[in-house]
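Trainee: Could you have a look at this structure, given as structure tokens, before my questions?
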Amino acid sequence: MDSALPFTIQSASWRDVHELNKLERACFAQDAWPLIDLLGVLSFPGVIRLKAEMNGKMIGFIGGETRDRQQTGWIITLGVLPEYRRQGVAQELLRKCEAQLASARVIRLCVRVSNEGAIRLYKHMGYIQVEIWPQYYRGGEDALVLEKQIL
């Protein structure tokens, strides 16, 4: 971790479920995962779970997994509290998660078509659009499926 960054990135565990629940609600509103799904992402084997912390508070979270037969990694969630956005938190979480998905040849993720800030970040990090999943999100909004080739 770069000591110049005002936050740290570390592994998350089931003990972080309440902070993650607050972060999900603040970041995703209608798309926030139910508590049982949050417990799953924090405890299932094989799931990468990293949190960004500042002054002992969770300010960001990323979850990822590898689907070995497909040799595809998936970023299953990435959120940063609104007041900490555009400070490099999501970029650092994504970078660390990608490094842990090193066995994958491709990393994919889904994002709402209206989430321009996230789409800019992903494109900056080397992701390109490969699909659109119609009416994927609550409320009927489409998802862009973005992909990054890992060399």
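If you're wondering about the labels, chains in the structure tokens are A, B, ... by order shown, residues count from 1 in each chain, ligands from 1 in order shown.
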Can you list, as a ChimeraX atom specification, every residue of chain A that DSSP puts in strand (DSSP E)?

Mentor: /A:8-11,48-54,57-67,72-80,106-112,128-133,143-149

Trainee: Which residues come within 12 Å of A:Leu23, counting only C-alpha atoms, excluding same-chain residues fewer than 2 positions away, as a PyMOL selection string?

Mentor: chain A and resi 16-21+25-29+31-33+35+38+51-53+57-62+77-84

Trainee: Considering only C-alpha atoms, state which residue in the set A:Leu42, A:Ile75, A:Ile128, A:Met54 is at the smallest distance from A:Gln100.

Mentor: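 Of the candidates, the smallest distance to A:Gln100 is held by A:Ile75.
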
Trainee: Do a neighbour search on A:Cys110 at 10 Å with only C-alpha atoms, toss out local chain neighbours closer than 4 positions, and write the hits as a list in words.

Mentor: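 Answer for this query is Trp74, Ile75, Ile76, Thr77, Ile119, Gln129, Glu131, Ile132, Trp133, Tyr136, Tyr137, Asp142, Ala143, Leu144, Val145, Leu146 and Glu147 of chain A.
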
Trainee: I need the chosen residues saved as a compact mmCIF listing (two decimals), in the first residue's frame, with N, CA and C atoms.

Mentor:
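Written file, again02.txt:
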```txt
# COMPACT_ATOMS: atom_id res chain seq x y z
N TRP A 74 -14.72 -12.19 -11.97
CA TRP A 74 -15.85 -11.25 -11.93
C TRP A 74 -15.68 -10.32 -10.75
N ILE A 75 -15.81 -9.04 -10.99
CA ILE A 75 -15.95 -8.06 -9.91
C ILE A 75 -17.44 -8.08 -9.59
N ILE A 76 -17.79 -8.61 -8.43
CA ILE A 76 -19.21 -8.79 -8.12
C ILE A 76 -19.82 -7.58 -7.42
N THR A 77 -18.99 -6.77 -6.80
CA THR A 77 -19.46 -5.51 -6.24
C THR A 77 -18.27 -4.60 -5.99
N ILE A 119 -18.39 4.08 -15.04
CA ILE A 119 -18.01 3.69 -16.41
C ILE A 119 -16.70 4.38 -16.79
N GLN A 129 -16.58 -2.33 -23.19
CA GLN A 129 -17.92 -2.91 -23.21
C GLN A 129 -17.96 -4.10 -24.16
N GLU A 131 -20.98 -6.42 -23.80
CA GLU A 131 -22.38 -6.82 -23.88
C GLU A 131 -23.25 -5.77 -23.21
N ILE A 132 -24.56 -5.89 -23.46
CA ILE A 132 -25.58 -5.17 -22.70
C ILE A 132 -26.57 -6.22 -22.23
N TRP A 133 -26.87 -6.21 -20.94
CA TRP A 133 -27.89 -7.10 -20.40
C TRP A 133 -29.14 -6.26 -20.16
N TYR A 136 -31.51 -5.46 -16.48
CA TYR A 136 -30.79 -6.24 -15.46
C TYR A 136 -31.06 -5.74 -14.05
N TYR A 137 -31.13 -4.43 -13.89
CA TYR A 137 -31.25 -3.84 -12.56
C TYR A 137 -32.70 -3.57 -12.20
N ASP A 142 -30.78 -1.15 -17.96
CA ASP A 142 -29.83 -2.10 -18.56
C ASP A 142 -28.50 -2.07 -17.82
N ALA A 143 -27.77 -3.17 -17.94
CA ALA A 143 -26.40 -3.26 -17.43
C ALA A 143 -25.45 -3.34 -18.61
N LEU A 144 -24.35 -2.60 -18.51
CA LEU A 144 -23.25 -2.79 -19.43
C LEU A 144 -22.36 -3.87 -18.83
N VAL A 145 -21.95 -4.81 -19.65
CA VAL A 145 -20.96 -5.80 -19.23
C VAL A 145 -19.63 -5.34 -19.79
N LEU A 146 -18.70 -5.08 -18.88
CA LEU A 146 -17.39 -4.61 -19.28
C LEU A 146 -16.37 -5.72 -19.02
N GLU A 147 -15.30 -5.71 -19.79
CA GLU A 147 -14.31 -6.78 -19.73
C GLU A 147 -12.92 -6.20 -19.88
```

Trainee: Quick check, in Å to one decimal: how far apart do atom CA of A:Leu50 and atom CA of A:Glu141 lie?

Mentor: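 Spanning atom CA of A:Leu50 to atom CA of A:Glu141 is a straight-line distance of 27.4 Å.
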
Trainee: Do you have the atom CA of A:Ala99-atom CA of A:Gly117 distance handy?

Mentor: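 Interatomic distance, atom CA of A:Ala99 to atom CA of A:Gly117: 22.5 Å.
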
Trainee: Atom CA of A:Pro34 and atom CA of A:Ile107 are how many Å apart?

Mentor: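 These two atoms are separated by 24.6 Å.
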
Trainee: Measuring atom to atom with only C-alpha atoms, identify which of A:Leu94, A:Val89, A:Leu101, A:Val106 is nearest to A:Val47.

Mentor: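 Result for the nearest residue to A:Val47: A:Leu101.
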
Trainee: In terms of the shortest atom-to-atom distance over only C-alpha atoms, which of A:Arg105, A:Arg112, A:Lys22, A:Arg49 is closest to A:Thr72?

Mentor: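 The closest residue to A:Thr72 is A:Arg105.
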
Trainee: Check stretch 26-138 of chain A with DSSP on the backbone and list each residue it calls helix (DSSP H, G or I), as a ChimeraX atom specification.

Mentor: /A:26-31,35-43,68-70,82-84,89-100,116-124,138

Trainee: In terms of the shortest atom-to-atom distance over only C-alpha atoms, which of A:Gly139, A:Gly46, A:Gly56, A:Gly88 is closest to A:Gly73?

Mentor: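 Selected residue with least distance to A:Gly73: A:Gly46.
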
Trainee: Find the residue from A:Ser103, A:Gln91, A:Thr66, A:Ser11 that sits nearest to A:Tyr122; use only C-alpha atoms when measuring.

Mentor: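 Ranking A:Ser103, A:Gln91, A:Thr66, A:Ser11 by distance to A:Tyr122, first place goes to A:Gln91.
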